[in-house]
Structures are given as structure tokens and as C-alpha cells.
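Engineer: Quick one: structure below, then a few questions.
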Amino acid sequence: MADMLLEARAVAKHFGGVKALRDVSLGIQRGEIYGLIGPNGAGKTTFFNCMTGLYIPDGGGFTFDGAPLLADAPHQAAERGIARTFQNIRLFGNMTALENVMVGRHVRTKAGVFGAMLQNAATRDEEAAIRQKAIDLLHYVRIEDRADDLAKNLSYGDQRRLEIARALATEPKLLCLDEPAAGMNATETEELRDLIDGIRRDGTTILLIEHDVKLVMGLCDRVAVLDYGALVIEDVPAVVQKDQRVIEAYLGA
Amino acid sequence: MSKWLNPRSAFGIALIAAALIALPFVAAMGGQAWVRILNFAILYVFLALGLNIVVGFAGLLDLGYIAFYAVGAYTYALLASPHFGLHWPFWTILPIGAVIACFFGVLLGSPTLKLRGDYLAIVTLGFGEIVRIFMNNLNAPVNITNGPQGITLIDPVAIGGFKFSGTTQILGYSLSGPQKYYFLLVALAILVIIINLRLQNSRIGRAWQAIREDEIAAKAVGINTRNLKLLAFAMGASFGGVAGGVFSAMQGFVSPESFSLIESIMILAMVVLGGMGHIPGVILGAVLLSILPEVLRYGVGPLQMAVFGKMLIDPESLRMLIFGLALVLVMRFKPAGLWPSPERKRELQGDA
């Protein structure tokens with residue numbers, strides 16, 4: 001087996017009588033772009049939320065980077081190296097773009113209350129490093145000229161980019177993008193595609209949830225399809241595209 | 001941040017410093033009562049900035065803040081009065097008061113971590129009342145707080161042989177007790193302002209702001225929201241504890257009635273009215289809300305006598321009436337507060 005970064009073992013989650021996830025098992029290899037697709041309500045975001053600790057799975061579990069992931073500990077998931085963006089963008093709206101990315105550095109820095117109060121050399125150096133890194137990341141996603149604007153005043157596409165920059169600030173091993181192309185036009189999607197490809201080339205594994213099948217098939221190394229909370233298939237795009245069950249799931253039997 | 005100051009802001013600071021030094025002497029011309037009013041204004045600045053950490057920075061609505069003030073005040077009162085026969089020096093009690101208040105802050109914070117907004121407000125309100133009722137009733141079976149009578153003859157602040165009560169002669173000037181406390185309070189207030197400013201522009205301050213903005217997103221970027229909320233409660237409570245200790249020493253007397261719900265609401269009103277999360281705004285709010293009622297108290301009576309020749313309306317009730325009206329008007333026309341931070345102003349103007 002290849003070098004697995006993340007393994008899901010029989011993850012199950014139900015809300016009341018609705019089985020949102022039925023024993024989903026899959027594996028993401030280090031360095032790949034892994035696509036997770038499926039019709040609306042198939043359980044993609046639920047899977048995401050279980051993985052990043054926002055939901056506690058009712059069964060199964062995750063192994064990340066060689067050790068199990070704790071359920072119900074979102075901040076620890078980030079510490080371990082899982083960063084995410086949200087389907088409905090969740091930025092800190094009344095903070096500037098730069099501050100948003102600076103918050104992303106929180107988990108990789110350590111100045112405490114006393115450091116802040118005393119403003120000793122170590123704290124000041126760390127603060128300068130946080131700022132510099134944040135500026136670099138804004139350049140990386142190419143919204144550096146919006147650094148001092150409030151996040152909520154950014155255009156939709158820039159907000160998506162900012163969310164990615166904030167996630168990258170946590171130095172993730174696995175970057176999870178929840179429908180990053182939603183609501184984007186063709187040009188913006190193309191730019192996003194280049195950005196995602198660039199992030200992977202710079203060494204971050206990517207899990208991509210997406211509705212835009214064309215984007216997923218063009219970009220991903222492997223794709224998993226969920227339908228009614230169950231895994232239909234996990235394979236390379238060429239195989240997935242031709243699979244009868246996938247076609248049925250999308251077009252209806 | 002702290003590069004060399006440019007001449008203009010240096011001049012501004014010099015001007016403020018001169019005003020702060022002159023203020024107690026100017027106030028004394030109207031009588032020592034005005035110096036005391038001034039002292040309370042600064043004490044409220046201190047309290048409001050403490051609460052600002054909880055409400056303004058971390059966005060946790062706390063209606064029981066006065067409880068920490070009470071804890072600090074009683075800690076001081078018990079350790080420096082004839083009640084238990086203890087007379088510890090103030091510089092040991094003040095930190096003890098801060099630590100005990102901090103402990104109570106965590107005690108209040110830990111069960112309320114999952115609550116937000118109105119629900120949190122109700123729990124904190126209850127907490128504030130519980131503390132006050134405890135103070136009121138802890139005189140039996142063992143007399144700890146002396147119940148509703150309160151504790152009297154509390155030691156004034158003294159550093160070495162220098163007492164802060166009574167009048168002393170310094171360099172040919174005579175300084176009254178309240179005037180000396182004034183300078184102690186100003187020093188403490190400057191300290192709390194610096195701490196507030198530094199916290200705001202720090203990793204911790206940003207994390208608090210992130211929690212205020214979107215708790216789930218904050219968790220997703222790895223912020224331990226539980227610890228940071230507790231930290232906000234603990235820090236706010238410590239400041240309340242210190243303020244309580246100074247209050248105790250300054251008054252020489254504490255009783256439960258000083259720590260009623262209306263006090264919590266007043267301090268919260270100072271923070272909100274001034275401009276939540278914006279330090280200059282909070283200072284302005286605290287000064288206005290503590291001095292304005294006194295001005296009305298002293299102004300309304302004589303004014304009525306002069307205009308109508310008799311008292312038509314009891315000054316006390318008129319004071320609350322005008323005060324309430326002022327609050328309503330400010331919230332109607334300046335919902336972000338009198339002096340909001342630039343961001344908050346934009347937020348409420350809804351330009352998104």
C-alpha cells in the first residue's frame with residue numbers, strides 16, 4: 001500500500017433516523033489531490049465535519065499521519081495538520097484579510113498572556129514572523145493588495161482565496177477544501193484550479209469536495225463517490241467516470 | 001509599535017499628563033467630594049477595561065462582573081481590618097485578591113463555556129447575585145463577612161510609612177487623602193490601559209476576536225476556544241479583584257449593597273455606550289457614566305430652586321430619568337457607542 005496520510009475506517013454518522021454516513025472507509029495518499037464527490041445530501045460535508053472534529057462519528061474512526069484522530073477536538077485536528085475551508089465561507093468578517101491569516105498562525109505560535117503583556121523580545125520577534133508569514137500567504141493566493149480590507153468586504157472569489165490562505169497558515173499536511181469553486185465563474189474556477197495544483201506541488205495533500213465534476217476529474221489523482229452516505233467507488237477519475245453506479249447516482253436510475 | 005514618538009503625539013501625551021496631574025487640584029476647589037467622584041470615575045475606568053476583555057474582546061456577555069469586584073473588596077476587607085484582626089500590607093493583599101477573583105472567574109467560566117449571548121448573560125447574572133447573597137448571609141453560623149452590616153475600619157493603603165489616608169505635606173503642597181488615592185488610581189489605570197492595548201494586538205487578542213467573530217471557524221484553525229474563553233474570564237475577573245481591593249481600602253468600609261446587579265449593569269453600560277472593544281471609547285464611557293450622574297445630582301436640585309423657587313421633582317429620581325433617556329438616545333443614534341473602533345463602526349453601518 002502507498003504512503004497513507006489519512007485513513008477512514010467504517011465511519012458512520014446518523015442524525016436521528018437519517019443515516020448520513022454508512023461505514024465509509026477510504027484512504028488518502030500523501031501528496032495526492034483526492035476528490036470526494038456525490039449528489040447533494042450524499043454526506044460529503046458530514047464526512048468532512050467528522051474528520052475535522054466538528055461532529056463525533058457514531059462509529060469507526062480516522063487515522064491521520066500514523067496516529068488516530070481524536071473525535072470532538074477540532075483545534076487538535078488543526079494542530080495535527082488538518083486544515084479546512086467551509087462550504088459557506090466562514091471568515092472573521094470584521095477582521096482585516098491580513099488579521100484573518102494571522103489568526104491562522106495561532107496554532108503554530110506560542111506567545112501567551114504574559115508575553116503579550118511584557119512584550120519581550122521573543123514575543124515581538126514571533127509577532128513580526130506571524131505578520132511576515134501572513135503577508136507571504138496573501139501574496140501566495142494573490143490578494144496581497146486587499147490585506148487591510150475587512151474580510152467581509154472582499155469579493156466572493158477573494159474570500160475563497162482568503163479562506164485558503166488562512167487554512168495554509170496553519171501549515172497543514174492535509175488541506176480540505178469544501179466546494180471551493182461553488183459560485184465561481186469559468187475564469188475564477190480556472191484560477192482556483194491553478195492555485196490548488198500549486199499548493200499540491202508545494203507539498204500539501206489535498207482533499208477536495210466539489211460539485212463541479214469537470215474540475216474534479218481534471219484535477220484529482222483519485223476520486224471517491226458518496227451516495228446516500230455510502231461509498232460507491234474509490235478510483236482514478238477515468239474509471240470513476242465510466243462507472244455505471246456513479247452515472248446512476250448522478251442522473252437517477 | 002513603540003518606535004520613537006513623533007513630536008505631535010509626544011506633545012499630546014505631555015498635555016494629557018499635565019491635565020491628569022492638575023485634575024485633582026482643580027476638582028478640590030469644588031470640595032474634596034469632587035476628588036472622590038473623580039477617584040470613582042477612574043476606578044470605573046479600571047473596572048470597565050477589565051470587563052472589556054470579557055465582553056469587548058472575547059464577546060462573552062457578562063452581567064455578573066461586579067461579583068469579582070466584590071470578591072476583591074472582601075478579600076481586602078478581611079485581610080486588613082479588625083474583623084479578623086489581620087492587618088496585612090496592601091501590596092500582598094492586592095495580588096491575593098486578584099488570584100482569588102481569578103479563581104472565581106474560572107469557576108464561573110467553566111460551566112458556561114457552551115453558552116453564548118443571552119443564555120450566558122442569564123447565568124452570569126445569577127452568579128453575580130449568588131456572590132452578593134453569600135456576602136449578605138455569611139455571618140452565621142460562623143461570622144465571616146459580618147452580613148449586611150459589612151466590614152468597617154478597613155486599613156487604608158500604606159506604602160512603608162506613607163499612608164494614603166489623611167492629609168500630608170509634600171514639597172510645601174498639602175495633599176488630601178482622596179488626592180493621594182487619585183494618583184494611585186491613575187497609576188493603576190495606566191497599567192490596565194497598557195495591558196489592554198498590548199493584549200488586543202497580540203496572538204491572544206486576535207484569537208479572542210476570532211472567537212467573537214466565528215467560534216466554529218476559530219476552532220477549525222486550531223484555536224482552543226475553551227482555554228481562551230476561560231482565560232478571558234480569568235483576566236477580566238483579576239482586574240475586577242484588584243479594583244475591589246482598592247475600593248475597599250479607599251472607602252474603609254464594604255457591605256453587600258455596594259455589589260448589586262445595577263452596578264454590573266452600569267459597568268456593562270460603560271463598555272457598550274463608550275464603544276465595545278475600543279479602549280478609548282470604554283474609557284470615555286466609564287468617565288461619562290460615573291461623573292454625569294454626580295453632576296446631575298449636584299446640578300438638578302439647585303437648578304430647580306433657582307428656576308421654580310422650590311423642589312418640583314426629587315433630584316434622585318430625575319437623575320435616573322435623565323440618565324435612562326441619555327442611554328436610550330445614545331443607543332438610538334450611535335449604536336456602536338460614542339467612540340467606536342473604526343471596524344465596529346463599519347460593522348454596524350452595514351456596508352457589506
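In the C-alpha cells, chains take the letters A, B, ... in the order shown, each chain's residues start at 1, and ligands count up from 1 in the order shown.
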What residues in range 3-171 of chain B get the DSSP label alpha helix (DSSP H)? Please answer as an MDAnalysis selection string.
Structural biologist: chainID B and resid 7:29 32:52 66:79 90:109 117:137
Engineer: When you look at Gly64 in chain B with a cut-off of 8 Å (counting only C-alpha atoms), what residues show up, excluding the ones that are within fewer than 5 positions of it in the same chain? I need them as a list in words.
Structural biologist: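 Listed by chain and then number, they are Thr124, Leu125, Gly126, Phe127, Gly128, Glu129, Leu261 and Ser264 of chain B.
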Engineer: What are the closest atom pairs, with distances in Å to one decimal, for all residues of chain A lying within 7 Å of chain B? Consider only C-alpha atoms, order rows by chain and residue number, and present the result as a tab-separated table.
Structural biologist:
```
residue	atom	partner	partner_atom	distance
A:Pro74	CA	B:Lys219	CA	5.6
A:His75	CA	B:Gly222	CA	3.7
A:Gln76	CA	B:Gly222	CA	6.3
A:Ala78	CA	B:Gly222	CA	4.7
A:Glu79	CA	B:Gly222	CA	5.9
A:Ala83	CA	B:Val221	CA	6.7
A:Arg84	CA	B:Ala220	CA	6.8
A:Arg90	CA	B:Ala217	CA	6.0
A:Phe92	CA	B:Glu213	CA	5.3
A:Gly93	CA	B:Glu213	CA	6.8
A:Asn94	CA	B:Glu343	CA	6.5
A:Val103	CA	B:Arg206	CA	6.2
A:Gly104	CA	B:Val221	CA	5.6
A:His106	CA	B:Arg203	CA	6.6
A:Val107	CA	B:Gly222	CA	5.4
A:Ala111	CA	B:Arg203	CA	6.6
A:Gly112	CA	B:Ile204	CA	6.6
A:Val113	CA	B:Ile204	CA	6.7
A:Ala116	CA	B:Leu199	CA	5.7
A:Met117	CA	B:Ile195	CA	5.5
A:Lys152	CA	B:Ala352	CA	6.2
A:Asn153	CA	B:Ala352	CA	5.6
A:Ala167	CA	B:Val221	CA	6.6
A:Thr170	CA	B:Val221	CA	6.7
```
Engineer: For the residues in the current selection, export C-alpha atoms as a tab-separated table (two decimals), in the first residue's frame.
Structural biologist:
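As written to disk, result-v5.tsv reads:
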```
chain	number	residue	atom	x	y	z
A	74	PRO	CA	-11.37	20.44	16.24
A	75	HIS	CA	-8.45	22.50	17.49
A	76	GLN	CA	-6.38	19.35	17.83
A	78	ALA	CA	-5.65	21.62	13.16
A	79	GLU	CA	-2.67	21.05	15.41
A	83	ALA	CA	-6.87	22.48	7.80
A	84	ARG	CA	-10.17	23.15	6.14
A	90	ARG	CA	-16.57	31.32	7.37
A	92	PHE	CA	-13.69	36.51	10.60
A	93	GLY	CA	-15.69	39.17	8.80
A	94	ASN	CA	-14.79	42.19	10.89
A	103	VAL	CA	-5.17	34.08	13.27
A	104	GLY	CA	-4.31	31.03	11.20
A	106	HIS	CA	-2.17	30.78	16.14
A	107	VAL	CA	-1.69	27.06	16.28
A	111	ALA	CA	3.09	33.71	22.82
A	112	GLY	CA	0.86	33.74	25.90
A	113	VAL	CA	-0.74	36.38	28.04
A	116	ALA	CA	1.73	39.88	25.31
A	117	MET	CA	1.79	42.00	28.46
A	152	LYS	CA	-16.43	40.75	4.67
A	153	ASN	CA	-15.78	43.50	2.13
A	167	ALA	CA	-6.00	27.41	6.24
A	170	THR	CA	-1.73	26.52	9.97
```
Engineer: Could you list, as a PyMOL selection string, every residue within 8 Å of Gln87 in chain A, counting only C-alpha atoms and ignoring same-chain residues fewer than 3 positions away?
Structural biologist: chain A and resi 178-180+182
Engineer: Using only C-alpha atoms, which protein or nucleic acid residues come within 10 Å of Ala12 in chain A? Drop anything in the same chain fewer than 4 positions from it, and give the result as a PyMOL selection string.
Structural biologist: chain A and resi 19-25+46-47+50+56-61+229-230
Engineer: Nearest residue to Leu208 in chain A out of A:Ile28, A:Ala121, A:Met95, A:Ala238, using only C-alpha atoms?
Structural biologist: A:Ile28
Engineer: So which one's closest to Asn100 in chain A, A:Asp158, A:Asn120, A:Ala165, A:Ala129? Using only C-alpha atoms, please.
Structural biologist: A:Ala165
Engineer: Please identify all polymer residues within 8 Å of Val55 in chain B, counting only C-alpha atoms, omitting same-chain residues fewer than 5 positions from it, and present them as a list in words.
Structural biologist: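 Everything that qualifies: Leu60, Leu61, Asp62, Met276 and Gly277 of chain B.
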Engineer: Any chance you can output those residues with N, CA and C atoms as a short mmCIF file (atom, residue, chain, number, x, y, z; two decimals), in the first residue's frame?
Structural biologist:
```cif
data_model
loop_
_atom_site.label_atom_id
_atom_site.label_comp_id
_atom_site.auth_asym_id
_atom_site.auth_seq_id
_atom_site.Cartn_x
_atom_site.Cartn_y
_atom_site.Cartn_z
N LEU B 60 -18.04 37.76 25.22
CA LEU B 60 -18.83 36.98 26.16
C LEU B 60 -19.61 37.94 27.06
N LEU B 61 -20.92 37.94 26.92
CA LEU B 61 -21.75 38.88 27.66
C LEU B 61 -21.81 38.50 29.13
N ASP B 62 -21.23 39.33 29.98
CA ASP B 62 -21.12 39.01 31.40
C ASP B 62 -21.90 40.04 32.21
N MET B 276 -17.75 49.22 22.42
CA MET B 276 -17.28 47.91 22.82
C MET B 276 -15.98 47.54 22.12
N GLY B 277 -15.00 47.08 22.90
CA GLY B 277 -13.76 46.60 22.32
C GLY B 277 -12.80 47.71 21.93
#
```
Engineer: Tell me, as a VMD selection string, which residues lie within 6 Å of range 103-115 of chain B, counting only C-alpha atoms; anything in the same chain fewer than 3 positions away does not count.
Structural biologist: chain B and resid 100 119 to 120 230 233 to 234 237
Engineer: Restricting the output to N, CA and C atoms, write the selected residues as a short mmCIF file (atom, residue, chain, number, x, y, z; two decimals), in the first residue's frame.
Structural biologist:
```cif
data_model
loop_
_atom_site.label_atom_id
_atom_site.label_comp_id
_atom_site.auth_asym_id
_atom_site.auth_seq_id
_atom_site.Cartn_x
_atom_site.Cartn_y
_atom_site.Cartn_z
N ILE B 100 -7.71 35.26 43.86
CA ILE B 100 -8.99 34.68 44.30
C ILE B 100 -10.09 35.04 43.29
N TYR B 119 -28.11 33.51 26.88
CA TYR B 119 -28.05 32.44 27.86
C TYR B 119 -26.89 32.66 28.82
N LEU B 120 -25.76 33.07 28.26
CA LEU B 120 -24.60 33.35 29.09
C LEU B 120 -24.92 34.51 30.03
N LEU B 230 -11.86 30.76 28.97
CA LEU B 230 -11.56 30.75 30.40
C LEU B 230 -10.53 31.83 30.73
N PHE B 233 -12.24 35.15 30.93
CA PHE B 233 -12.95 35.28 32.21
C PHE B 233 -11.96 35.53 33.34
N ALA B 234 -10.89 34.76 33.35
CA ALA B 234 -9.91 34.87 34.44
C ALA B 234 -9.26 36.24 34.46
N ALA B 237 -11.75 38.91 35.52
CA ALA B 237 -12.03 38.77 36.95
C ALA B 237 -10.87 39.31 37.79
#
```
Engineer: Compile the contact shell of range 65-72 of chain B as a PyMOL selection string: residues with an atom at most 7 Å away, counting only C-alpha atoms, same-chain residues fewer than 5 positions apart removed.
Structural biologist: chain B and resi 51+97-98+101+128+131-132+237+240-245+259+263-264
Engineer: Looking at B:Ala158, B:Met320, B:Tyr44, B:Leu273, which one is nearest to Phe333 in chain B, with distances taken over only C-alpha atoms?
Structural biologist: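 Of the candidates, the smallest distance to Phe333 in chain B is held by B:Leu273.
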Engineer: Here is a test: counting only C-alpha atoms, which residue of A:Cys176, A:Leu226, A:Ala97, A:Ile199 is nearest to Arg146 in chain A?
Structural biologist: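 Nearest candidate to Arg146 in chain A out of A:Cys176, A:Leu226, A:Ala97, A:Ile199: A:Ala97.
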